[in-house]
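Student: So that you have it, the file is work-v2.cif, and it contains mmCIF, C-alpha atoms:
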data_upload
#
loop_
_atom_site.label_atom_id
_atom_site.label_comp_id
_atom_site.auth_asym_id
_atom_site.auth_seq_id
_atom_site.Cartn_x
_atom_site.Cartn_y
_atom_site.Cartn_z
CA MET A 1 16.71 18.14 -18.12
CA ASP A 2 13.24 17.64 -19.50
CA PRO A 3 10.86 17.90 -16.49
CA ALA A 4 8.87 14.81 -17.48
CA LEU A 5 12.05 12.76 -17.86
CA LYS A 6 13.30 14.01 -14.50
CA LEU A 7 10.00 13.09 -12.84
CA TRP A 8 10.05 9.56 -14.25
CA LEU A 9 13.68 9.08 -13.27
CA VAL A 10 12.73 10.05 -9.70
CA ILE A 11 9.72 7.71 -9.78
CA LEU A 12 11.70 4.72 -11.02
CA VAL A 13 14.80 5.20 -8.88
CA VAL A 14 12.94 6.09 -5.67
CA GLY A 15 10.39 3.34 -6.36
CA ALA A 16 13.14 0.75 -6.82
CA LEU A 17 15.09 1.90 -3.75
CA ASN A 18 11.92 1.94 -1.64
CA PHE A 19 11.10 -1.58 -2.80
CA PHE A 20 14.57 -2.85 -1.95
CA SER A 21 14.38 -1.19 1.48
CA ARG A 22 11.09 -2.98 2.10
CA LEU A 23 12.42 -6.31 0.85
CA SER A 24 15.91 -6.04 2.42
CA PHE A 25 15.61 -7.93 5.68
CA ILE A 26 12.68 -10.08 4.56
CA ALA A 27 15.00 -11.53 1.91
CA PHE A 28 18.05 -11.52 4.17
CA PHE A 29 16.40 -13.50 6.97
CA ALA A 30 14.56 -15.84 4.61
CA ARG A 31 17.51 -18.23 4.76
CA ARG A 32 19.26 -17.23 7.96
CA SER A 33 17.98 -17.43 11.49
CA MET A 34 17.66 -14.20 13.40
CA PRO A 35 19.81 -13.52 16.48
CA PRO A 36 17.51 -13.62 19.55
CA MET A 37 18.59 -10.16 20.70
CA LEU A 38 17.61 -8.66 17.37
CA ALA A 39 14.26 -10.48 17.42
CA LEU A 40 13.62 -9.04 20.88
CA ALA A 41 14.51 -5.50 19.81
CA LEU A 42 12.32 -5.71 16.70
CA ARG A 43 9.23 -6.23 18.86
CA TYR A 44 9.45 -2.53 19.66
CA VAL A 45 9.59 -1.29 16.05
CA PRO A 46 5.82 -0.63 15.57
CA VAL A 47 5.34 1.44 18.73
CA ALA A 48 8.66 3.31 18.56
CA MET A 49 8.54 4.14 14.83
CA LEU A 50 4.85 5.07 14.64
CA THR A 51 5.10 7.24 17.77
CA ALA A 52 8.04 9.03 16.15
CA LEU A 53 5.80 9.66 13.11
CA ILE A 54 2.73 10.72 15.14
CA VAL A 55 4.35 13.34 17.41
CA PRO A 56 5.49 15.73 14.61
CA MET A 57 2.02 15.55 13.03
CA VAL A 58 0.40 16.63 16.31
CA LEU A 59 2.78 19.30 17.61
CA PRO A 60 2.84 22.75 16.00
CA GLY A 61 5.77 23.46 13.68
CA PRO A 62 8.16 23.03 11.96
CA PRO A 63 10.31 23.65 13.92
CA MET A 64 8.50 21.54 16.48
CA VAL A 65 7.49 23.29 19.68
CA VAL A 66 5.77 21.98 22.79
CA PRO A 67 3.23 24.75 23.57
CA ASP A 68 2.54 25.88 27.17
CA VAL A 69 -1.22 25.62 26.64
CA PRO A 70 -2.12 22.28 25.00
CA SER A 71 -3.43 22.86 21.49
CA PRO A 72 -6.71 21.29 20.26
CA LYS A 73 -4.65 18.74 18.31
CA ILE A 74 -2.72 17.62 21.38
CA LEU A 75 -5.90 17.23 23.46
CA ALA A 76 -7.71 15.46 20.60
CA THR A 77 -4.75 13.10 20.32
CA LEU A 78 -5.12 12.17 23.99
CA VAL A 79 -8.86 11.57 23.49
CA ALA A 80 -8.16 9.42 20.42
CA GLY A 81 -5.44 7.53 22.28
CA ALA A 82 -7.85 6.67 25.09
CA VAL A 83 -10.56 5.57 22.64
CA ALA A 84 -8.07 3.48 20.66
CA TRP A 85 -6.72 1.88 23.82
CA LEU A 86 -10.21 0.97 25.03
CA THR A 87 -11.86 -0.06 21.74
CA HIS A 88 -9.01 -1.23 19.44
CA SER A 89 -11.13 0.20 16.62
CA THR A 90 -9.67 2.39 13.87
CA LEU A 91 -13.07 3.77 12.90
CA LYS A 92 -14.07 4.73 16.46
CA THR A 93 -10.63 6.32 16.98
CA LEU A 94 -11.01 8.35 13.77
CA VAL A 95 -14.52 9.54 14.64
CA ALA A 96 -13.69 10.36 18.27
CA GLY A 97 -10.44 12.12 17.33
CA MET A 98 -11.98 14.28 14.59
CA ILE A 99 -15.03 15.22 16.70
CA ALA A 100 -12.75 16.08 19.62
CA LEU A 101 -10.54 18.20 17.35
CA TRP A 102 -13.43 20.10 15.76
CA SER A 103 -15.16 20.77 19.11
CA LEU A 104 -11.93 21.91 20.74
CA GLN A 105 -11.10 24.16 17.78
CA ALA A 106 -14.57 25.71 18.05
CA LEU A 107 -14.16 26.08 21.81
CA TYR A 108 -10.72 27.71 21.49
CA ALA A 109 -12.06 30.06 18.81
CA ALA A 110 -14.98 31.02 21.07
CA ILE A 111 -12.69 31.68 24.05
CA GLY A 112 -10.27 33.49 21.78
CA MET B 1 20.50 -36.19 -10.14
CA GLU B 2 18.10 -34.34 -7.98
CA ILE B 3 17.55 -30.74 -8.81
CA ARG B 4 16.75 -28.67 -5.78
CA THR B 5 14.77 -25.54 -6.23
CA ALA B 6 13.65 -22.86 -3.84
CA ARG B 7 10.33 -24.65 -3.61
CA ASP B 8 11.94 -27.90 -2.42
CA ARG B 9 14.02 -26.11 0.13
CA ALA B 10 11.10 -24.39 1.78
CA PRO B 11 7.92 -26.46 1.63
CA SER B 12 5.86 -23.38 1.88
CA ALA B 13 3.05 -22.88 4.27
CA LEU B 14 1.04 -21.48 1.39
CA GLU B 15 1.15 -24.68 -0.57
CA SER B 16 1.14 -27.21 2.24
CA GLY B 17 -1.85 -27.48 4.50
CA ARG B 18 -4.87 -28.45 2.52
CA GLN B 19 -4.59 -29.46 -1.11
CA GLU B 20 -5.01 -25.85 -2.00
CA ARG B 21 -1.84 -25.32 -3.99
CA VAL B 22 -1.52 -21.76 -5.19
CA PRO B 23 -1.62 -22.28 -8.96
CA ARG B 24 0.93 -20.72 -11.26
CA VAL B 25 -1.60 -19.55 -13.80
CA LEU B 26 -2.51 -16.00 -13.01
CA PRO B 27 -6.30 -16.01 -13.36
CA PHE B 28 -6.73 -19.09 -11.13
CA PHE B 29 -4.23 -17.66 -8.74
CA VAL B 30 -6.11 -14.39 -8.49
CA ARG B 31 -9.47 -16.12 -8.19
CA LYS B 32 -8.25 -18.36 -5.40
CA ILE B 33 -6.80 -15.47 -3.43
CA TYR B 34 -9.94 -13.45 -3.99
CA ARG B 35 -12.06 -16.29 -2.58
CA SER B 36 -9.91 -16.69 0.51
CA LYS B 37 -11.48 -15.60 3.77
CA ASP B 38 -8.22 -14.17 5.13
CA PHE B 39 -7.65 -12.01 2.05
CA ARG B 40 -11.17 -10.59 2.34
CA GLU B 41 -10.78 -9.98 6.05
CA GLY B 42 -7.50 -8.18 5.46
CA PHE B 43 -9.15 -6.04 2.79
CA ALA B 44 -12.13 -5.23 5.05
CA ASP B 45 -9.94 -4.60 8.11
CA MET B 46 -8.10 -1.84 6.25
CA LEU B 47 -11.18 0.05 5.05
CA PRO B 48 -11.33 2.34 8.13
CA ALA B 49 -7.61 3.02 7.70
CA CYS B 50 -8.35 3.85 4.05
CA VAL B 51 -10.74 6.56 5.24
CA GLY B 52 -7.87 7.99 7.24
CA LEU B 53 -5.63 7.79 4.20
CA VAL B 54 -7.94 10.00 2.09
CA PRO B 55 -6.56 13.39 3.22
CA PHE B 56 -2.97 12.19 2.86
CA GLY B 57 -3.67 10.90 -0.66
CA LEU B 58 -5.35 14.17 -1.59
CA VAL B 59 -2.30 16.12 -0.39
CA CYS B 60 -0.05 13.91 -2.52
CA GLY B 61 -2.26 14.47 -5.56
CA VAL B 62 -2.12 18.23 -5.02
CA GLY B 63 1.66 17.95 -4.62
CA ALA B 64 1.94 16.17 -7.96
CA VAL B 65 0.12 19.07 -9.64
CA ALA B 66 2.48 21.55 -7.99
CA ALA B 67 5.44 19.49 -9.23
CA GLY B 68 4.14 19.88 -12.79
CA ALA B 69 3.40 16.18 -13.24
CA SER B 70 0.92 14.89 -15.80
CA ILE B 71 -1.81 12.58 -14.53
CA TRP B 72 0.38 9.65 -15.60
CA GLY B 73 3.29 11.06 -13.65
CA ALA B 74 1.04 11.48 -10.61
CA LEU B 75 -0.19 7.89 -10.97
CA GLY B 76 3.37 6.68 -11.45
CA MET B 77 4.33 8.29 -8.15
CA SER B 78 1.43 6.81 -6.23
CA ALA B 79 1.56 3.35 -7.86
CA ILE B 80 5.33 2.82 -7.92
CA ILE B 81 6.76 4.89 -5.06
CA PHE B 82 3.66 4.09 -2.93
CA SER B 83 4.81 6.09 0.08
CA GLY B 84 3.13 9.32 1.13
CA ALA B 85 6.19 10.83 2.78
CA ALA B 86 8.49 10.12 -0.18
CA GLN B 87 5.89 11.40 -2.68
CA ILE B 88 5.36 14.68 -0.84
CA ILE B 89 9.11 15.23 -0.50
CA ALA B 90 9.71 14.37 -4.16
CA ALA B 91 6.92 16.69 -5.29
CA GLN B 92 8.14 19.59 -3.16
CA LEU B 93 11.74 19.21 -4.30
CA LEU B 94 10.74 18.80 -7.97
CA ALA B 95 8.63 21.95 -7.72
CA ALA B 96 11.61 23.75 -6.16
CA GLY B 97 13.86 22.58 -8.99
CA ALA B 98 16.22 20.60 -6.74
CA PRO B 99 18.92 18.43 -8.36
CA ILE B 100 17.82 14.87 -8.99
CA ALA B 101 20.46 13.35 -6.67
CA VAL B 102 19.18 15.48 -3.76
CA ILE B 103 15.60 14.40 -4.44
CA ILE B 104 16.51 10.72 -4.52
CA LEU B 105 18.70 10.88 -1.42
CA THR B 106 16.07 12.73 0.63
CA CYS B 107 13.34 10.29 -0.41
CA VAL B 108 15.50 7.31 0.51
CA VAL B 109 16.24 8.79 3.94
CA ALA B 110 12.48 9.20 4.44
CA GLY B 111 12.14 5.51 3.57
CA LEU B 112 14.79 4.24 6.00
CA ARG B 113 12.07 3.11 8.39
CA PHE B 114 11.11 0.46 5.83
CA LEU B 115 14.38 -1.29 6.73
CA MET B 116 13.12 -1.64 10.28
CA TYR B 117 9.68 -2.77 9.18
CA SER B 118 11.29 -5.30 6.87
CA ALA B 119 13.39 -6.74 9.69
CA ALA B 120 10.48 -6.83 12.13
CA ILE B 121 8.13 -8.64 9.73
CA ALA B 122 10.84 -10.97 8.34
CA PRO B 123 10.42 -13.82 10.90
CA TYR B 124 6.70 -14.04 10.11
CA LEU B 125 7.18 -14.09 6.34
CA ARG B 126 10.03 -16.57 6.45
CA PRO B 127 7.92 -19.68 5.66
CA LEU B 128 6.39 -18.04 2.57
CA PRO B 129 7.74 -18.58 -0.96
CA PRO B 130 10.05 -15.84 -2.33
CA ARG B 131 7.49 -14.41 -4.77
CA TRP B 132 5.06 -13.93 -1.88
CA GLN B 133 7.79 -12.23 0.10
CA ARG B 134 8.43 -9.88 -2.82
CA ALA B 135 4.75 -9.10 -3.30
CA LEU B 136 4.22 -8.41 0.39
CA ALA B 137 7.42 -6.35 0.56
CA PHE B 138 6.07 -4.08 -2.17
CA LEU B 139 2.90 -3.56 -0.10
CA LEU B 140 4.78 -2.90 3.15
CA THR B 141 3.58 0.47 4.43
CA ASP B 142 3.16 1.94 7.93
CA GLN B 143 -0.45 0.80 8.15
CA ALA B 144 -0.05 -2.61 6.50
CA PHE B 145 2.98 -3.32 8.66
CA ALA B 146 1.27 -2.50 11.95
CA ALA B 147 -1.87 -4.42 10.96
CA ALA B 148 0.10 -7.48 9.82
CA ILE B 149 2.18 -7.60 13.02
CA ARG B 150 -1.04 -7.48 15.02
CA ARG B 151 -2.55 -10.30 13.00
CA PHE B 152 0.52 -12.51 13.27
CA ASP B 153 0.84 -11.81 17.01
CA ALA B 154 -2.80 -12.81 17.40
CA GLY B 155 -1.75 -16.26 16.22
CA ALA B 156 -2.31 -16.30 12.45
CA ASN B 157 -0.33 -19.04 10.65
CA PRO B 158 1.98 -17.91 7.81
CA ARG B 159 -0.53 -18.76 5.08
CA ALA B 160 -3.48 -17.02 6.74
CA GLY B 161 -1.36 -14.09 7.87
CA GLY B 162 0.17 -13.71 4.41
CA LEU B 163 -3.22 -13.66 2.74
CA HIS B 164 -4.52 -11.19 5.32
CA PHE B 165 -1.47 -8.97 4.69
CA LEU B 166 -2.04 -9.21 0.93
CA GLY B 167 -5.69 -8.18 1.33
CA ALA B 168 -4.77 -5.31 3.64
CA GLY B 169 -1.95 -4.15 1.38
CA PHE B 170 -4.11 -4.34 -1.72
CA ALA B 171 -6.90 -2.31 -0.07
CA LEU B 172 -4.39 0.38 0.91
CA TRP B 173 -2.75 0.40 -2.52
CA LEU B 174 -6.09 0.69 -4.30
CA CYS B 175 -7.31 3.43 -1.98
CA TRP B 176 -4.00 5.24 -2.42
CA GLN B 177 -4.37 5.32 -6.24
CA ILE B 178 -7.96 6.57 -6.03
CA THR B 179 -7.24 9.30 -3.48
CA ASN B 180 -4.12 10.45 -5.37
CA VAL B 181 -6.07 10.80 -8.60
CA VAL B 182 -8.92 12.62 -6.85
CA GLY B 183 -6.34 14.85 -5.18
CA TYR B 184 -4.73 15.55 -8.56
CA PHE B 185 -8.00 16.81 -10.04
CA ALA B 186 -9.90 18.15 -7.04
CA GLY B 187 -7.60 18.17 -4.03
CA ASN B 188 -8.02 21.84 -3.29
CA LEU B 189 -11.76 21.45 -2.77
CA VAL B 190 -11.36 20.36 0.86
CA PRO B 191 -10.95 23.50 3.03
CA ALA B 192 -7.80 23.52 5.20
CA SER B 193 -9.93 24.57 8.20
CA TRP B 194 -11.36 21.03 8.39
CA SER B 195 -7.92 19.82 9.48
CA MET B 196 -8.46 16.56 7.62
CA GLU B 197 -4.72 15.89 7.73
CA PHE B 198 -5.27 14.97 11.39
CA ALA B 199 -6.82 11.67 10.24
CA VAL B 200 -3.34 10.32 9.44
CA PRO B 201 -1.94 10.42 13.03
CA LEU B 202 -5.33 9.16 14.27
CA CYS B 203 -4.97 6.01 12.16
CA PHE B 204 -1.45 5.46 13.44
CA ILE B 205 -2.71 5.86 17.02
CA ALA B 206 -5.40 3.24 16.42
CA LEU B 207 -2.74 0.86 15.08
CA ILE B 208 -0.34 1.12 18.01
CA ALA B 209 -2.67 1.72 20.98
CA PRO B 210 -3.24 -2.02 21.58
CA HIS B 211 0.52 -2.45 22.09
CA PHE B 212 0.57 -0.02 25.04
CA LYS B 213 0.10 -2.77 27.61
CA SER B 214 3.56 -3.59 28.92
CA ALA B 215 6.27 -1.42 30.46
CA PRO B 216 8.77 -2.00 27.59
CA GLN B 217 6.21 -1.01 24.94
CA VAL B 218 5.14 2.13 26.86
CA GLY B 219 8.81 2.99 27.42
CA ALA B 220 9.57 2.54 23.71
CA GLY B 221 6.69 4.87 22.76
CA VAL B 222 7.44 7.57 25.32
CA LEU B 223 11.17 7.67 24.62
CA ALA B 224 10.60 7.75 20.83
CA GLY B 225 8.15 10.62 21.31
CA VAL B 226 10.57 12.63 23.44
CA ALA B 227 13.49 11.88 21.12
CA VAL B 228 11.70 12.99 17.97
CA VAL B 229 11.17 16.45 19.52
CA ALA B 230 14.65 16.64 21.06
CA LEU B 231 16.36 15.66 17.79
CA ASP B 232 14.26 18.00 15.62
CA GLY B 233 17.40 19.87 14.57
CA LEU B 234 18.76 16.96 12.52
CA PRO B 235 18.74 17.51 8.73
CA MET B 236 16.53 15.61 6.24
CA ARG B 237 14.07 14.66 9.00
CA LEU B 238 16.58 12.13 10.28
CA ASN B 239 15.04 12.75 13.71
CA LEU B 240 12.24 10.34 12.77
CA ILE B 241 14.48 7.33 12.23
CA ALA B 242 16.81 8.35 15.10
CA ALA B 243 13.83 8.58 17.46
CA GLY B 244 12.65 5.17 16.27
CA VAL B 245 16.03 3.69 17.15
CA VAL B 246 16.00 5.40 20.58
CA GLY B 247 12.53 3.97 21.29
CA ILE B 248 13.55 0.47 20.20
CA LEU B 249 16.65 0.56 22.40
CA ALA B 250 14.59 1.84 25.35
CA GLY B 251 12.00 -0.91 24.93
CA THR B 252 14.70 -3.57 24.65
CA ALA B 253 16.57 -2.25 27.71
CA ILE B 254 13.40 -2.23 29.84
CA ASP B 255 12.51 -5.71 28.59
CA LEU B 256 15.94 -7.08 29.54
CA ALA B 257 15.85 -5.34 32.93
CA GLN B 258 12.40 -6.83 33.60
CA ALA B 259 13.60 -10.30 32.64
CA ARG B 260 16.57 -10.00 34.98
CA TRP B 261 14.34 -8.72 37.78
CA THR B 262 11.86 -11.59 37.54
CA ARG B 263 14.64 -14.17 37.36
CA ARG B 264 15.88 -13.15 40.80
#
Show the structure stored in the file as structure tokens.
Tutor:
Amino acid sequence: MDPALKLWLVILVVGALNFFSRLSFIAFFARRSMPPMLALALRYVPVAMLTALIVPMVLPGPPMVVPDVPSPKILATLVAGAVAWLTHSTLKTLVAGMIALWSLQALYAAIG
Amino acid sequence: MEIRTARDRAPSALESGRQERVPRVLPFFVRKIYRSKDFREGFADMLPACVGLVPFGLVCGVGAVAAGASIWGALGMSAIIFSGAAQIIAAQLLAAGAPIAVIILTCVVAGLRFLMYSAAIAPYLRPLPPRWQRALAFLLTDQAFAAAIRRFDAGANPRAGGLHFLGAGFALWLCWQITNVVGYFAGNLVPASWSMEFAVPLCFIALIAPHFKSAPQVGAGVLAGVAVVALDGLPMRLNLIAAGVVGILAGTAIDLAQARWTRR
């Protein structure tokens, strides 16, 4: 298949399927009421799903491993988590997390 | 005979309230949204998250080059697919010459979490007219979702929350196009030693940290984190969605147990 054609097929099909995934339950529950149990469970979607996305970005891998000595990324994540929890500010979290990461990387490199 | 339309059925929060009907003519429509305070706040609220998006966008741009895409192909990916994970997967598999069915299936699996986001945001978007629901659904990303839930939970009405969501989503979409294009032409200029990719988890942390206040929310986060490592062996990165489900079930179970405890 022509590579450009293949690329555009992927773009259009994946784009459409992504859009329908995003619209699915918004459209479904536009006319129906939501069961209370489901509404309760859905309150935990942001924390559960984003934590599941964060952890693989912080741990070394793939395959994911939990190192014996915490890596600079793991420690910087804890610093950023504390700053985010205290300030609720994306910008402060970004700045604190990156500075923590760079200092820890420098420190680890110096120690060896 | 009375003809009932979708608009009669749901007197929308967007059009009720003040006399400010959202006009059907596009330019007025755009101007009115642009003037709205909530739209502007949503746009401004997402600017720090846009900074965090830069490295991710650059990586996607670089990926598009590796996949042999033209600049239009790269823009098509960022503008239409509008999902970093799916774009990176698609680019890698295209570069590797994978069959088209495999590429599509893998991308859709990566996008399964959108089903959960869609369900979680659905009650808040229910009062909005269908075309607003469609527009906001298109802009539903990890960041926009978390920010919109926060805004609605803070007490925004459907109209204000919808406009805020639209502003936030538009800021992210615009930033995504710019960073993808920059990545396409100059993505390799940022040295890997800067670890700029770390900005992506940092943004996610900032979005969820305020939720870590109650036992069910902490339980949901911890269990999801443990599960994503434990289930790492699953194919097609299904561990992400599986861990999300584990976290949601854990949060719900703790919530129910708490409710039963306090009732006694």
Student: Please evaluate the PyMOL selection byres ((chain B and resi 204-219) around 7) against the structure above and give the resulting residues as JSON, numbers by chain.
Tutor: {"A": [44, 46, 47, 50, 54, 81, 84, 85, 88, 89, 90, 93], "B": [146, 147, 200, 201, 202, 203, 220, 221, 222, 223, 250, 251, 252, 254, 255]}
Student: For Phe56 (chain B), which residue out of B:Ala257, B:Leu174, B:Ala95, B:Ile88 is the nearest one, using all atoms listed in the file?
Tutor: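 With all atoms listed in the file as the atom set, the closest residue is B:Ile88.
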Student: Compile the residues of chain B that lie within 7 Å of chain A, evaluated using all atoms listed in the file, and express the compilation as a PyMOL selection string.
Tutor: chain B and resi 48-49+73+76-77+80-81+104+107-108+111+114-116+118-120+122+126+133-134+137-138+140+146+199+201-206+208-210+217+220-221+224-225+228-229+232+240+243-244+247-249+251-252
Student: I'd like the interatomic distance between CA of Leu93 (chain B) and CA of Asp2 (chain A), to a tenth of an Å.
Tutor: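 Calculated distance between CA of Leu93 (chain B) and CA of Asp2 (chain A) is 15.4 Å.
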Student: Would you kindly translate the PyMOL selection byres ((chain B and resi 152) around 10) into the concrete residues it picks from this file, as a VMD selection string?
Tutor: chain B and resid 121 124 to 125 147 to 151 153 to 158 160 to 162 164 to 165
Student: Could you tell me how far CA of Ala171 (chain B) lies from CA of Tyr34 (chain B), in Å and to one decimal?
Tutor: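 Separation of CA of Ala171 (chain B) and CA of Tyr34 (chain B): 12.2 Å.
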Student: Determine, counting all atoms listed in the file, which protein, DNA and RNA residues have an atom within 7 Å of an atom of Asp45 (chain B); residues of the same chain fewer than 3 positions away are not included. Present the result as a ChimeraX atom specification.
Tutor: /B:41-42,168
